[in-house]
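Undergrad: I'd like to ask some things about the structure below.
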Amino acid sequence: MTRVFSGVKPTGHLTLGNYLGAMRRWAAVDQYEADALFCVVDLHALTVDHDPARVRRLSRQAATLLLASGLDPELCTLFVQSHVDEHARLSYVLECVATDGEMRRMIQYKEKAAREQRRGGSVRLSLLTYPVLMAADILAYAADEVPVGDDQVQHVELTRDLAVRFNQRYGHTFVVPRATRPGVAARVMNLQDPTSKMGKSDDVGPGIVYLLDEPDVVRKKVMRAVTDSGREVVYDREARPGLANLLEILAACSDGDPEELSGAYASYGDLKKDTAEAVVEVLRPVQERHKELCADPGHVERVLRDGAERARGMARPTVDAAYRAIGLLPAVPEAADADAGRAAALRV
């Protein structure tokens with residue numbers, strides 16, 4: 001089967017954009033059609049100033065919401081990144097293959113570094129190198145496909161470059177993955193700024209619909225969404241980004257086509273009302289399941305423990321092979337292990 005890897009970063013509460021752009025497809029398609037791994041990439045949350053307790057809390061919440069969205073641990077592997085040492089092990093090896101220029105060309109690094117500097121803060125080295133850790137996340141599992149939003153495609157391209165370069169220099173070790181993108185609502189935009197992504201790391205919430213928002217809060221946010229000048233409801237992402245965003249959200253929630261839906265509305269108000277109700281209904285089963293899972297925290301812990309063990313077993317052979325290929329001396333086995341190995345050889 002095709003192997004798929006993807007993850008969510010616990011830097012904020014998960015949003016409607018995370019769900020429509022990725023999580024819903026993971027649950028409805030990827031876990032059934034592929035050997036799928038889904039990861040809470042908590043190490044990536046450390047690249048900026050953070051509250052340790054909040055990272056832990058958001059990591060658990062993200063894992064719970066992934067289960068609530070429909071991921072089935074019998075069908076896929078769900079785990080937390082820091083629970084599998086192979087991610088960090090492989091990341092350093094890949095840093096020895098990547099170049100400084102490649103890292104500094106990453107668009108997200110430029111944007112986030114500039115934002116930190118405007119705030120008067122310092123830029124952590126990990127913010128520069130985290131695309132290599134992302135590459136390690138993918139390559140450790142020999143993933144064929146990486147479902148991502150538009151803003152992450154550049155990082156998958158870097159992953160491909162590093163895999164090819166490593167294979168050429170040190171012998172074939174890694175599968176070269178490819179990025180896959182969903183269609184409608186691959187990038188849900190902020191309701192108050194439809195030229196910006198609905199990001200979970202944003203500090204301001206009026207333009208962001210969170211997965212755990214109460215129905216009345218969802219309705220209020222959608223009804224207050226920024227629209228464009230003019231009265232006609234048309235789908236034009238370039239000229240009418242506010243309307244296009246609402247139409248794409250409605251289309252994603254109702255399995256429709258945004259351009260066709262635009263012809264069904266004579267006013268912005270009616271479009272907003274239908275979009276708000278569609279979002280409320282899409283989130284309802286997720287929120288109900290989330291409440292059930294929160295009442296049984298032991299279940300979530302067992303899923304993450306079992307997922308990490310399974311992920312570790314998948315990643316270790318590839319990472320060990322990369323260590324050998326790049327020239328690192330294999331670890332000397334413990335004496336007991338060595339004696340057991342010799343005894344087994346004698347029996348054969």
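In the structure tokens, chains take the letters A, B, ... in the order shown, each chain's residues start at 1, and ligands count up from 1 in the order shown.
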Set the distance at 9 Å and use only C-alpha atoms: which residues neighbour segment 124-131 of chain A once local chain neighbours fewer than 2 positions away are removed? I'd like the list as an MDAnalysis selection string.

TA: chainID A and resid 43:44 46:49 91 95 100 103:104 106 109:110 112:113 122 133:136 155:156 158:159

Undergrad: Write out as a list in words which residues come within 10 Å of Ala163 of chain A when counting only C-alpha atoms, dropping same-chain ones fewer than 3 positions away.

TA: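 Here the answer would be Leu94, Val97, Ala135, Ala136, Leu139, Glu157, Leu158, Thr159, Arg160, Phe166, Asn167, Gln168, His172, Thr173, Phe174, Val175, Val176 and Pro177 of chain A.
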
Undergrad: So, with only C-alpha atoms as the atoms that count, which of A:Glu288, A:Glu281, A:Asp193, A:Glu214 lies closest to Gly70 of chain A?

TA: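 Result for the nearest residue to Gly70 of chain A: A:Glu288.
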
Undergrad: Skipping near chain neighbours, those fewer than 5 positions away, what residues fall within 10 Å of Arg305 of chain A using only C-alpha atoms, listed as a ChimeraX atom specification?

TA: /A:78-80,83,299-300,310-311

Undergrad: Just list as a VMD selection string whatever in segment 222-286 of chain A DSSP marks as alpha helix (DSSP H).

TA: chain A and resid 222 to 223 241 to 254 258 to 262 268 to 286

Undergrad: Write out as a list in words each polymer residue whose atoms come within 12 Å of Tyr265 of chain A, counting only C-alpha atoms; drop sequence neighbours fewer than 4 positions from it.

TA: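 What passes the distance filter is Arg231, Glu232, Val233, Val234, Tyr235, Leu243, Leu246, Leu247, Pro258, Glu259, Glu260, Leu261, Gly269, Asp270, Leu271, Lys272, Lys273, Asp274 and Thr275 of chain A.
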
Undergrad: Could you write out the selected residues, including C-alpha atoms, as a PDB file, in the first residue's frame?

TA:
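What landed in part28.pdb:
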ATOM      1  CA  ARG A 231     -23.781  43.379  -4.033  1.00  0.00           C
ATOM      2  CA  GLU A 232     -23.625  40.459  -6.461  1.00  0.00           C
ATOM      3  CA  VAL A 233     -22.569  37.103  -5.037  1.00  0.00           C
ATOM      4  CA  VAL A 234     -19.863  35.819  -7.379  1.00  0.00           C
ATOM      5  CA  TYR A 235     -16.952  33.434  -6.979  1.00  0.00           C
ATOM      6  CA  LEU A 243     -16.908  35.974  -0.755  1.00  0.00           C
ATOM      7  CA  LEU A 246     -17.252  31.841   2.375  1.00  0.00           C
ATOM      8  CA  LEU A 247     -18.245  29.993  -0.788  1.00  0.00           C
ATOM      9  CA  PRO A 258     -18.166  27.188  -4.941  1.00  0.00           C
ATOM     10  CA  GLU A 259     -18.852  28.627  -8.373  1.00  0.00           C
ATOM     11  CA  GLU A 260     -22.170  26.806  -8.680  1.00  0.00           C
ATOM     12  CA  LEU A 261     -23.150  27.798  -5.143  1.00  0.00           C
ATOM     13  CA  GLY A 269     -26.585  37.689   4.435  1.00  0.00           C
ATOM     14  CA  ASP A 270     -28.207  34.515   3.131  1.00  0.00           C
ATOM     15  CA  LEU A 271     -24.812  33.115   2.135  1.00  0.00           C
ATOM     16  CA  LYS A 272     -23.416  33.814   5.599  1.00  0.00           C
ATOM     17  CA  LYS A 273     -26.392  32.193   7.348  1.00  0.00           C
ATOM     18  CA  ASP A 274     -26.132  29.005   5.293  1.00  0.00           C
ATOM     19  CA  THR A 275     -22.358  28.891   5.694  1.00  0.00           C
TER      20      THR A 275
END

Undergrad: From segment 111-294 of chain A, collect each residue whose DSSP state is strand (DSSP E) and return the set as a list in words.

TA: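 Filtering segment 111-294 of chain A down to strand (DSSP E) leaves Glu145, Val146, Pro147, Arg178, Ala179 and Thr180 of chain A.
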